[in-house]
$ cat structure-v3.txt   # compact mmCIF, C-alpha atoms and all ligand atoms
# COMPACT_ATOMS: atom_id res chain seq x y z
CA MET S 1 0.00 0.00 0.00
CA GLN S 2 1.16 3.56 -0.74
CA ASP S 3 2.04 6.03 2.00
CA LEU S 4 -1.31 7.72 2.66
CA SER S 5 -0.13 10.35 5.15
CA GLN S 6 -0.51 13.09 2.52
CA PHE S 7 -4.00 12.03 1.48
CA ALA S 8 -7.42 13.18 2.67
CA VAL S 9 -10.84 11.92 1.59
CA ILE S 10 -14.03 13.93 1.13
CA ILE S 11 -17.22 11.89 1.15
CA THR S 12 -20.20 13.79 -0.24
CA ALA S 13 -23.43 12.89 1.54
CA ALA S 14 -25.51 16.07 1.61
CA GLY S 15 -27.86 15.08 -1.25
CA ARG S 16 -31.56 14.34 -0.77
CA GLY S 17 -31.84 11.43 -3.22
CA SER S 18 -34.74 12.94 -5.15
CA ARG S 19 -34.47 10.41 -8.02
CA MET S 20 -34.64 7.52 -5.58
CA GLY S 21 -37.44 9.08 -3.51
CA GLY S 22 -38.07 8.29 0.17
CA PRO S 23 -35.59 9.04 2.95
CA PRO S 24 -32.09 10.11 1.80
CA LYS S 25 -30.42 7.01 0.37
CA GLN S 26 -27.10 7.44 2.19
CA TRP S 27 -28.81 6.83 5.54
CA ARG S 28 -30.71 3.73 4.50
CA ASP S 29 -29.75 0.26 5.61
CA LEU S 30 -27.81 -1.89 3.18
CA ASN S 31 -27.39 -5.44 4.54
CA GLY S 32 -27.00 -4.40 8.17
CA LYS S 33 -25.05 -1.15 7.82
CA SER S 34 -26.00 2.25 6.44
CA VAL S 35 -24.91 3.15 2.91
CA LEU S 36 -22.86 6.04 4.28
CA ALA S 37 -21.18 3.94 6.99
CA ARG S 38 -20.12 1.50 4.24
CA SER S 39 -18.74 4.32 2.06
CA ILE S 40 -16.75 5.70 5.00
CA ALA S 41 -15.47 2.25 6.01
CA ALA S 42 -14.04 1.75 2.51
CA PHE S 43 -11.56 4.56 3.28
CA ALA S 44 -10.75 3.53 6.85
CA GLN S 45 -7.01 3.41 6.15
CA PHE S 46 -6.88 7.12 5.27
CA PRO S 47 -5.71 9.48 8.03
CA ARG S 48 -8.22 12.28 7.31
CA ILE S 49 -11.84 11.75 6.26
CA ILE S 50 -14.28 14.63 5.80
CA VAL S 51 -17.95 13.75 5.52
CA VAL S 52 -20.11 16.48 3.98
CA LEU S 53 -23.69 16.37 5.21
CA SER S 54 -26.91 18.27 5.02
CA PRO S 55 -27.18 20.50 8.13
CA ASP S 56 -30.43 18.58 8.85
CA ASP S 57 -28.44 15.35 9.28
CA MET S 58 -25.70 16.55 11.67
CA GLY S 59 -27.45 15.22 14.78
CA ARG S 60 -27.97 11.73 13.45
CA ALA S 61 -24.42 11.66 12.06
CA ILE S 62 -23.01 12.20 15.54
CA ASP S 63 -25.14 9.29 16.80
CA GLU S 64 -24.74 6.91 13.87
CA LEU S 65 -21.26 7.42 12.40
CA SER S 66 -18.32 6.03 14.27
CA GLY S 67 -14.60 6.61 13.81
CA PRO S 68 -12.50 9.73 13.46
CA VAL S 69 -14.35 11.68 10.75
CA THR S 70 -14.79 15.46 10.41
CA LEU S 71 -18.39 16.49 9.73
CA VAL S 72 -18.93 19.50 7.48
CA ALA S 73 -22.19 21.14 6.37
CA GLY S 74 -22.75 20.85 2.62
CA GLY S 75 -24.58 23.03 0.13
CA ALA S 76 -27.43 22.99 -2.37
CA THR S 77 -25.48 21.22 -5.15
CA ARG S 78 -22.88 18.46 -5.13
CA SER S 79 -20.23 21.02 -6.18
CA ASP S 80 -21.18 23.30 -3.27
CA SER S 81 -20.79 20.35 -0.91
CA VAL S 82 -17.40 19.36 -2.32
CA ARG S 83 -16.24 22.97 -2.07
CA ALA S 84 -17.25 23.11 1.61
CA GLY S 85 -15.14 20.00 2.26
CA LEU S 86 -12.17 21.37 0.31
CA GLU S 87 -12.19 24.69 2.17
CA VAL S 88 -11.78 22.80 5.45
CA LEU S 89 -8.58 21.23 4.08
CA ASP S 90 -7.09 24.54 2.95
CA GLY S 91 -3.79 25.12 4.76
CA SER S 92 -3.82 21.61 6.29
CA GLY S 93 -0.61 20.52 4.55
CA ILE S 94 -2.51 17.69 2.81
CA ARG S 95 -1.25 17.11 -0.75
CA HIS S 96 -3.86 14.92 -2.37
CA VAL S 97 -7.59 14.61 -1.94
CA LEU S 98 -9.97 11.85 -3.04
CA ILE S 99 -13.59 12.96 -3.53
CA HIS S 100 -16.10 10.13 -3.26
CA ASP S 101 -19.89 9.89 -3.51
CA GLY S 102 -21.37 8.73 -0.22
CA ALA S 103 -23.87 6.94 -2.46
CA ARG S 104 -21.18 4.56 -3.82
CA PRO S 105 -20.85 2.18 -0.86
CA LEU S 106 -19.29 -0.75 -2.73
CA VAL S 107 -16.09 0.90 -3.91
CA SER S 108 -13.27 -1.65 -3.70
CA PRO S 109 -9.71 -1.31 -2.37
CA GLN S 110 -8.48 -1.94 -5.93
CA VAL S 111 -10.42 1.00 -7.38
CA ILE S 112 -9.16 3.29 -4.60
CA ALA S 113 -5.58 2.03 -5.00
CA GLY S 114 -5.68 2.78 -8.74
CA VAL S 115 -6.45 6.45 -8.10
CA VAL S 116 -3.96 6.76 -5.23
CA SER S 117 -1.22 5.21 -7.30
CA ALA S 118 -1.82 7.54 -10.30
CA LEU S 119 -1.59 10.58 -7.98
CA ALA S 120 1.48 9.22 -6.22
CA GLN S 121 3.11 8.84 -9.64
CA GLY S 122 2.63 12.54 -10.34
CA ALA S 123 -0.81 12.92 -11.97
CA ASP S 124 -2.63 16.16 -11.03
CA ALA S 125 -5.94 14.34 -11.32
CA ALA S 126 -7.09 10.73 -11.72
CA ALA S 127 -10.48 9.06 -11.67
CA PRO S 128 -11.93 5.59 -12.23
CA ALA S 129 -14.19 4.86 -15.16
CA LEU S 130 -15.46 1.94 -17.23
CA PRO S 131 -15.47 1.86 -21.02
CA VAL S 132 -19.00 1.78 -22.44
CA SER S 133 -19.54 -1.77 -23.67
CA ASP S 134 -23.18 -1.72 -24.85
CA ALA S 135 -24.14 -0.36 -28.25
CA LEU S 136 -25.44 3.22 -28.00
CA TRP S 137 -28.54 4.37 -29.85
CA ARG S 138 -30.10 7.71 -30.48
CA SER S 139 -33.84 7.77 -30.24
CA GLU S 140 -36.96 9.88 -30.68
CA ASP S 141 -40.46 9.02 -29.47
CA GLY S 142 -39.35 5.59 -28.28
CA ARG S 143 -37.95 4.62 -31.70
CA VAL S 144 -34.29 4.08 -32.60
CA THR S 145 -33.15 6.83 -34.94
CA GLY S 146 -29.45 6.09 -35.20
CA LEU S 147 -26.32 4.56 -33.76
CA GLN S 148 -23.88 6.50 -31.59
CA SER S 149 -20.28 5.34 -31.67
CA ARG S 150 -19.14 4.06 -28.26
CA ASP S 151 -15.47 4.55 -29.15
CA GLY S 152 -13.70 6.57 -26.48
CA LEU S 153 -16.77 6.75 -24.21
CA PHE S 154 -16.44 6.00 -20.51
CA ARG S 155 -18.80 5.80 -17.53
CA ALA S 156 -17.42 8.05 -14.76
CA GLN S 157 -17.10 6.84 -11.17
CA THR S 158 -15.62 8.05 -7.90
CA PRO S 159 -13.33 8.44 -5.96
CA GLN S 160 -11.94 11.19 -8.14
CA GLY S 161 -8.47 12.17 -6.96
CA PHE S 162 -6.64 15.48 -7.25
CA SER S 163 -3.79 17.57 -6.02
CA LEU S 164 -5.56 19.52 -3.25
CA ASP S 165 -4.27 22.91 -4.42
CA ALA S 166 -5.35 22.22 -8.02
CA ILE S 167 -8.94 21.17 -7.26
CA LEU S 168 -9.48 23.85 -4.62
CA ALA S 169 -8.33 26.51 -7.10
CA ALA S 170 -10.63 25.02 -9.77
CA HIS S 171 -13.64 25.15 -7.43
CA ARG S 172 -12.87 28.74 -6.49
CA ALA S 173 -12.41 29.71 -10.16
CA PHE S 174 -15.70 28.08 -11.27
CA PRO S 175 -18.17 28.57 -8.39
CA GLU S 176 -21.05 27.68 -10.71
CA GLY S 177 -19.82 24.06 -10.35
CA ALA S 178 -20.22 21.03 -12.59
CA ALA S 179 -21.65 17.49 -12.47
CA ASP S 180 -18.37 16.22 -11.05
CA ASP S 181 -14.91 17.35 -10.03
CA VAL S 182 -13.16 15.91 -13.07
CA GLU S 183 -15.14 18.35 -15.20
CA LEU S 184 -14.00 21.28 -13.05
CA ALA S 185 -10.37 20.12 -13.09
CA ARG S 186 -10.49 19.88 -16.89
CA ARG S 187 -12.07 23.33 -17.12
CA ALA S 188 -9.10 24.61 -15.10
CA GLY S 189 -6.72 23.04 -17.62
CA HIS S 190 -5.66 19.87 -15.78
CA GLU S 191 -5.16 16.53 -17.49
CA VAL S 192 -7.15 13.72 -15.86
CA VAL S 193 -5.80 10.16 -15.94
CA ILE S 194 -8.44 7.40 -16.24
CA THR S 195 -7.92 4.51 -13.83
CA ALA S 196 -9.74 1.17 -13.63
CA GLY S 197 -13.34 1.42 -12.46
CA ALA S 198 -15.48 -1.54 -11.39
CA GLU S 199 -19.02 -2.68 -12.23
CA ASP S 200 -19.74 -3.15 -8.52
CA ASN S 201 -18.82 0.49 -7.78
CA LEU S 202 -22.34 1.56 -8.70
CA LYS S 203 -23.93 4.79 -7.52
CA LEU S 204 -27.25 4.20 -5.78
CA THR S 205 -29.42 6.49 -7.88
CA TYR S 206 -32.77 4.74 -8.52
CA GLY S 207 -34.70 2.22 -6.38
CA PRO S 208 -33.52 -0.96 -8.18
CA ASP S 209 -29.88 0.02 -7.54
CA PHE S 210 -30.45 -1.01 -3.92
CA ASP S 211 -31.54 -4.50 -5.01
CA ARG S 212 -28.41 -4.81 -7.12
CA ALA S 213 -26.16 -3.64 -4.27
CA ARG S 214 -27.84 -6.15 -1.93
CA ARG S 215 -27.22 -8.94 -4.43
CA ILE S 216 -23.57 -7.97 -4.81
CA LEU S 217 -23.12 -7.85 -1.03
CA GLY S 218 -25.02 -11.10 -0.62
CA ASP S 219 -22.60 -12.81 -2.98
CA ALA S 220 -19.63 -11.34 -1.17
CA MET S 221 -21.01 -11.84 2.34
CA ASP S 222 -18.91 -14.07 4.58
CA ILE S 223 -20.80 -15.17 7.69
CA ARG S 224 -19.05 -17.25 10.36
CA LEU S 225 -20.47 -19.01 13.38
CA GLY S 226 -18.36 -20.13 16.33
CA ASN S 227 -19.10 -21.82 19.64
CA GLY S 228 -17.23 -21.98 22.92
CA PHE S 229 -17.59 -24.08 26.07
CA ASP S 230 -15.74 -23.69 29.37
CA VAL S 231 -15.87 -25.03 32.92
CA HIS S 232 -14.21 -23.82 36.14
CA ALA S 233 -14.38 -25.56 39.52
CA PHE S 234 -15.19 -23.79 42.78
CA GLU S 235 -12.71 -23.38 45.59
CA ASP S 236 -12.73 -21.40 48.84
CA GLY S 237 -13.26 -17.69 48.31
CA ASP S 238 -15.70 -14.79 48.54
CA HIS S 239 -16.59 -13.79 44.95
CA VAL S 240 -16.77 -14.90 41.32
CA THR S 241 -16.13 -12.87 38.18
CA LEU S 242 -18.61 -13.71 35.43
CA CYS S 243 -18.76 -11.93 32.06
CA GLY S 244 -16.61 -9.17 33.54
CA VAL S 245 -18.83 -8.55 36.59
CA ARG S 246 -17.66 -9.25 40.15
CA ILE S 247 -20.37 -10.96 42.23
CA ALA S 248 -20.09 -11.64 45.94
CA HIS S 249 -20.42 -15.41 46.57
CA ASP S 250 -19.38 -17.93 49.23
CA ARG S 251 -16.97 -19.67 46.81
CA THR S 252 -14.66 -18.52 44.06
CA LEU S 253 -13.73 -20.06 40.70
CA LYS S 254 -10.37 -21.71 40.38
CA GLY S 255 -8.23 -20.89 37.34
CA HIS S 256 -4.95 -19.57 36.04
CA SER S 257 -6.50 -16.21 35.08
CA ASP S 258 -9.51 -14.62 36.83
CA ALA S 259 -11.46 -17.80 35.87
CA ASP S 260 -14.22 -15.82 34.14
CA VAL S 261 -15.88 -18.86 32.62
CA GLY S 262 -18.48 -16.84 30.63
CA MET S 263 -15.92 -14.58 29.04
CA HIS S 264 -13.71 -17.55 28.21
CA ALA S 265 -16.56 -19.32 26.42
CA LEU S 266 -17.34 -16.17 24.41
CA THR S 267 -13.67 -15.61 23.56
CA ASP S 268 -13.42 -19.19 22.31
CA ALA S 269 -16.59 -18.73 20.24
CA ILE S 270 -14.97 -15.79 18.40
CA TYR S 271 -11.70 -17.66 17.92
CA GLY S 272 -13.75 -20.61 16.71
CA ALA S 273 -15.56 -18.51 14.10
CA LEU S 274 -12.15 -17.37 12.85
CA ALA S 275 -10.77 -20.93 12.90
CA GLU S 276 -8.12 -19.59 15.29
CA GLY S 277 -8.08 -22.32 17.92
CA ASP S 278 -8.88 -21.32 21.51
CA ILE S 279 -7.65 -19.08 24.33
CA GLY S 280 -4.96 -21.57 25.26
CA ARG S 281 -3.34 -21.12 21.84
CA HIS S 282 -3.15 -17.31 22.18
CA PHE S 283 -2.58 -17.06 25.96
CA PRO S 284 -0.88 -20.33 27.09
CA PRO S 285 -1.68 -21.21 30.75
CA SER S 286 2.00 -22.17 31.08
CA ASP S 287 2.91 -18.48 30.62
CA PRO S 288 3.16 -16.83 34.08
CA GLN S 289 2.21 -13.40 32.70
CA TRP S 290 -1.46 -14.54 32.43
CA LYS S 291 -1.65 -15.61 36.09
CA GLY S 292 -4.65 -13.80 37.60
CA ALA S 293 -5.16 -11.91 34.31
CA ASP S 294 -8.35 -9.95 33.67
CA SER S 295 -10.10 -12.05 31.00
CA ALA S 296 -11.12 -8.81 29.25
CA VAL S 297 -7.62 -8.95 27.73
CA PHE S 298 -8.49 -12.27 26.02
CA LEU S 299 -11.88 -11.12 24.77
CA ALA S 300 -10.50 -7.82 23.47
CA HIS S 301 -7.78 -9.77 21.62
CA ALA S 302 -10.35 -12.02 19.94
CA GLY S 303 -12.47 -8.97 18.96
CA ASP S 304 -9.43 -7.15 17.53
CA LEU S 305 -8.38 -10.27 15.61
CA ALA S 306 -11.87 -10.47 14.05
CA ARG S 307 -11.76 -6.78 13.09
CA SER S 308 -8.27 -7.10 11.62
CA ARG S 309 -9.65 -9.85 9.33
CA GLY S 310 -12.44 -7.50 8.20
CA PHE S 311 -15.22 -9.07 10.33
CA SER S 312 -17.71 -7.34 12.56
CA ILE S 313 -19.47 -9.20 15.36
CA GLY S 314 -23.08 -9.80 14.34
CA ASN S 315 -24.21 -11.09 17.74
CA ALA S 316 -23.10 -13.19 20.66
CA ASP S 317 -25.11 -15.33 23.08
CA VAL S 318 -23.66 -16.58 26.38
CA THR S 319 -25.38 -19.07 28.70
CA LEU S 320 -24.04 -19.59 32.22
CA ILE S 321 -24.93 -22.93 33.83
CA CYS S 322 -24.97 -22.92 37.64
CA GLU S 323 -27.24 -23.25 40.66
CA ALA S 324 -25.69 -20.18 42.33
CA PRO S 325 -24.95 -17.32 42.34
CA LYS S 326 -28.14 -15.89 40.80
CA ILE S 327 -27.24 -14.42 37.41
CA GLY S 328 -30.48 -12.58 36.54
CA PRO S 329 -29.81 -9.46 38.63
CA HIS S 330 -26.37 -9.06 36.99
CA ALA S 331 -27.19 -10.06 33.39
CA GLY S 332 -27.67 -6.43 32.23
CA ASP S 333 -24.30 -5.35 33.64
CA MET S 334 -22.65 -8.40 32.04
CA GLN S 335 -24.22 -7.54 28.68
CA SER S 336 -22.93 -3.94 28.92
CA ARG S 337 -19.44 -4.99 29.96
CA LEU S 338 -19.05 -7.56 27.16
CA ALA S 339 -20.34 -5.00 24.62
CA GLU S 340 -17.90 -2.41 25.94
CA ILE S 341 -14.92 -4.77 25.61
CA LEU S 342 -15.93 -5.77 22.08
CA GLY S 343 -16.83 -2.21 21.03
CA ILE S 344 -20.33 -3.16 19.80
CA GLU S 345 -23.87 -2.21 20.80
CA ALA S 346 -25.21 -4.01 23.87
CA ALA S 347 -28.24 -5.09 21.81
CA ARG S 348 -25.96 -7.52 19.94
CA ILE S 349 -25.04 -9.40 23.13
CA SER S 350 -27.19 -11.74 25.17
CA VAL S 351 -26.31 -13.15 28.59
CA LYS S 352 -28.63 -15.68 30.19
CA ALA S 353 -28.40 -18.47 32.73
CA THR S 354 -29.86 -21.84 33.51
CA THR S 355 -29.48 -24.44 36.22
CA SER S 356 -28.91 -28.12 35.46
CA GLU S 357 -31.78 -29.14 37.76
CA ARG S 358 -29.29 -30.14 40.47
CA LEU S 359 -27.83 -32.79 38.14
CA GLY S 360 -24.16 -33.25 37.36
CA PHE S 361 -21.22 -31.14 38.60
CA THR S 362 -23.00 -27.82 38.15
CA GLY S 363 -26.05 -29.24 39.93
CA ARG S 364 -23.93 -30.37 42.88
CA GLY S 365 -22.42 -26.87 43.07
CA GLU S 366 -18.91 -28.06 42.20
CA GLY S 367 -18.35 -25.45 39.50
CA ILE S 368 -19.83 -23.28 36.76
CA ALA S 369 -20.04 -24.07 33.04
CA ALA S 370 -20.68 -21.65 30.16
CA ILE S 371 -21.50 -22.03 26.50
CA ALA S 372 -21.37 -19.22 23.95
CA THR S 373 -22.12 -18.66 20.29
CA ALA S 374 -20.86 -15.77 18.16
CA THR S 375 -21.53 -14.77 14.57
CA LEU S 376 -19.01 -12.76 12.57
CA MET S 377 -19.92 -10.95 9.35
CA LYS S 378 -17.86 -9.55 6.50
CA GLY S 379 -19.23 -7.82 3.42
N1 LIG S 401 -26.12 19.04 -2.58
C1 LIG S 401 -25.57 17.84 -2.68
C2 LIG S 401 -26.01 16.91 -3.65
C3 LIG S 401 -25.41 15.67 -3.69
N2 LIG S 401 -24.45 15.35 -2.79
C4 LIG S 401 -23.88 14.00 -2.77
O1 LIG S 401 -23.26 13.67 -4.01
C5 LIG S 401 -23.36 12.26 -4.25
C6 LIG S 401 -23.84 11.94 -5.67
O2 LIG S 401 -25.05 12.56 -5.93
P1 LIG S 401 -26.45 12.00 -6.36
O3 LIG S 401 -26.53 10.58 -6.66
O4 LIG S 401 -26.91 12.94 -7.39
O5 LIG S 401 -27.21 12.18 -4.97
P2 LIG S 401 -28.47 13.04 -4.62
O6 LIG S 401 -28.23 14.47 -4.92
O7 LIG S 401 -28.77 12.70 -3.20
O8 LIG S 401 -29.57 12.40 -5.58
P3 LIG S 401 -30.59 13.10 -6.55
O9 LIG S 401 -29.76 13.81 -7.58
O10 LIG S 401 -31.38 11.97 -7.09
O11 LIG S 401 -31.40 14.05 -5.69
C7 LIG S 401 -24.29 11.70 -3.19
O12 LIG S 401 -23.53 10.95 -2.28
C8 LIG S 401 -24.93 12.91 -2.58
O13 LIG S 401 -25.28 12.77 -1.20
C9 LIG S 401 -24.01 16.28 -1.86
O14 LIG S 401 -23.13 15.99 -1.06
N3 LIG S 401 -24.58 17.53 -1.83
C1 LIG S 402 -19.72 12.24 -9.49
C2 LIG S 402 -20.54 11.25 -10.24
O1 LIG S 402 -20.85 10.15 -9.44
C3 LIG S 402 -19.73 10.70 -11.39
O2 LIG S 402 -20.40 9.66 -11.97
C4 LIG S 402 -21.81 11.88 -10.77
O3 LIG S 402 -21.50 12.95 -11.55
C5 LIG S 402 -22.75 12.24 -9.61
O4 LIG S 402 -23.98 12.72 -9.89
P1 LIG S 402 -25.11 12.49 -11.02
O5 LIG S 402 -26.07 13.59 -10.74
O6 LIG S 402 -25.77 11.18 -10.80
O7 LIG S 402 -24.46 12.59 -12.34
$ encode --input "structure-v3.txt" --output "structure tokens"
Amino acid sequence: MQDLSQFAVIITAAGRGSRMGGPPKQWRDLNGKSVLARSIAAFAQFPRIIVVLSPDDMGRAIDELSGPVTLVAGGATRSDSVRAGLEVLDGSGIRHVLIHDGARPLVSPQVIAGVVSALAQGADAAAPALPVSDALWRSEDGRVTGLQSRDGLFRAQTPQGFSLDAILAAHRAFPEGAADDVELARRAGHEVVITAGAEDNLKLTYGPDFDRARRILGDAMDIRLGNGFDVHAFEDGDHVTLCGVRIAHDRTLKGHSDADVGMHALTDAIYGALAEGDIGRHFPPSDPQWKGADSAVFLAHAGDLARSRGFSIGNADVTLICEAPKIGPHAGDMQSRLAEILGIEAARISVKATTSERLGFTGRGEGIAAIATATLMKG
């Protein structure tokens, strides 16, 4: 990957989606994540991301968008919105800027890399496009009246990349704007290099585009399921730690770490979904540094490993099996703590408990068992 320290990204998302109709398309759900969140995530490796929004959407953006993005109020046209984003970068020392439609959530790393690489090699401007492959007709009143040559015709996409100084000067020189930034750069006399576009990098413009995007994501979706099971025996003590919550009890759980049986089962479920073995592989019990360790370290590691592989945690379900202590009064705190460690909403985590009807080792009060399931999603 190129050095991106000199790059910023502007994501335009201030439009109202009038051709699509209904609520603004960038805020709609696309297979479990908003269109805009997907567009932003595609540029996660860039150090500076500016998201241009309608002033009406600022409140929801603060609630719904995560990560280090700068929110800027856009204008009445796409060009006005881009200009607002560019003005924020003036004097920032940034050299190159990529300008991307928030309504193109399926842009691939390859398409982005093509633009970055053209700029890094010295181009003032570069943008992805696809050659027109269908025959082109002229028509009148629903009848074909002639053939239009497709030679040299391309379908424009984003991100469109520029030297920051060049595109800011072009916007200032032509405040009337244009359909896209390539047109303004050309008007200002810059040559624009065409890089490889992709069919999947569609702009959501009309209703059926959503169906197509869902199909593309469905094909690319990678869903993993993992399970985990753990048992710890009781020994003399005055508390147990379960799913990160300390509960006063007349026994404690025996273990090399803090013996948090619920968190261990969940950690193993995530490792299992990644085909990454279990806690013992990542944190060997023979290693003295994990003696008495807070099991949050293990769970956070499993969550980070999933994220580094491009997965998000869809949901997790933990069941604690014991006669005592009573779990119900603490289940909400456990849910919040697990969600906090994994960096996901609490609504994606369930913690529940059951007894084993006084049967077996849990029934005799010799220890606590836990089972957990986790789903991971990519795409
Ligand atoms: N005043 C505007 C208009 C558009 N955009 C953004 O520019 C991108 C491409 O525009 P388009 O598909 O035309 O979006 P809309 O303007 O929302 O759609 P429509 O033209 O159908 O109203 C979108 O991400 C849109 O949010 C913007 O930031 N500010
Ligand atoms: C920038 C763009 O996506 C290039 O294809 C396009 O110009 C955006 O708006 P449009 O109104 O749908 O042309």
$ atom_distance --input "structure-v3.txt" --atom1 "CA of Arg60 (chain S)" --atom2 "CA of Arg78 (chain S)"
20.4 Å
$ residues_around --input "structure-v3.txt" --residues "Leu164 (chain S)" --least-positions-apart "5" --cutoff "8 Å" --atoms "only C-alpha atoms" --output "mmCIF file with C-alpha atoms, keeping the file's coordinate frame"
data_model
loop_
_atom_site.group_PDB
_atom_site.id
_atom_site.type_symbol
_atom_site.label_atom_id
_atom_site.label_comp_id
_atom_site.auth_asym_id
_atom_site.auth_seq_id
_atom_site.Cartn_x
_atom_site.Cartn_y
_atom_site.Cartn_z
ATOM 1 C CA LEU S 86 -12.170 21.370 0.310
ATOM 2 C CA ILE S 94 -2.510 17.690 2.810
ATOM 3 C CA ARG S 95 -1.250 17.110 -0.750
ATOM 4 C CA HIS S 96 -3.860 14.920 -2.370
ATOM 5 C CA VAL S 97 -7.590 14.610 -1.940
#
$ residues_near_point --input "structure-v3.txt" --point "(-11.8, 15.0, -13.1)" --cutoff "9 Å" --atoms "only C-alpha atoms" --output "MDAnalysis selection string"
chainID S and resid 125:127 160:162 167 180:186 190:194
$ residues_around --input "structure-v3.txt" --residues "region 352-357 of chain S" --least-positions-apart "5" --cutoff "8 Å" --atoms "all atoms listed in the file" --output "list in words"
Asp317, Val318, Thr319, Leu320, Ile321, Cys322, Glu323, Ile327, Gly328, Ala331, Thr362 and Gly363 of chain S
$ write_last_selection --input "structure-v3.txt" --atoms "C-alpha atoms" --output "short mmCIF file (atom, residue, chain, number, x, y, z; two decimals), in the frame of the given file"
data_model
loop_
_atom_site.label_atom_id
_atom_site.label_comp_id
_atom_site.auth_asym_id
_atom_site.auth_seq_id
_atom_site.Cartn_x
_atom_site.Cartn_y
_atom_site.Cartn_z
CA ASP S 317 -25.11 -15.33 23.08
CA VAL S 318 -23.66 -16.58 26.38
CA THR S 319 -25.38 -19.07 28.70
CA LEU S 320 -24.04 -19.59 32.22
CA ILE S 321 -24.93 -22.93 33.83
CA CYS S 322 -24.97 -22.92 37.64
CA GLU S 323 -27.24 -23.25 40.66
CA ILE S 327 -27.24 -14.42 37.41
CA GLY S 328 -30.48 -12.58 36.54
CA ALA S 331 -27.19 -10.06 33.39
CA THR S 362 -23.00 -27.82 38.15
CA GLY S 363 -26.05 -29.24 39.93
#
$ closest_residue --input "structure-v3.txt" --among "S:Gly379, S:Gly15, S:Gly237, S:Gly207" --to "ligand LIG 401 (chain S)" --atoms "all atoms listed in the file"
S:Gly15
$ closest_residue --input "structure-v3.txt" --among "S:Thr158, S:Asn31, S:Gln26, S:Thr267" --to "Ala306 (chain S)" --atoms "all atoms listed in the file"
S:Thr267
$ residues_near_ligand --input "structure-v3.txt" --ligand "ligand LIG 401 (chain S)" --cutoff "10 Å" --atoms "only C-alpha atoms and all ligand atoms" --output "NGL selection string"
:S and (10-21 or 23-27 or 35-36 or 39 or 51-54 or 73-85 or 99-105 or 158 or 179-180 or 203-206)
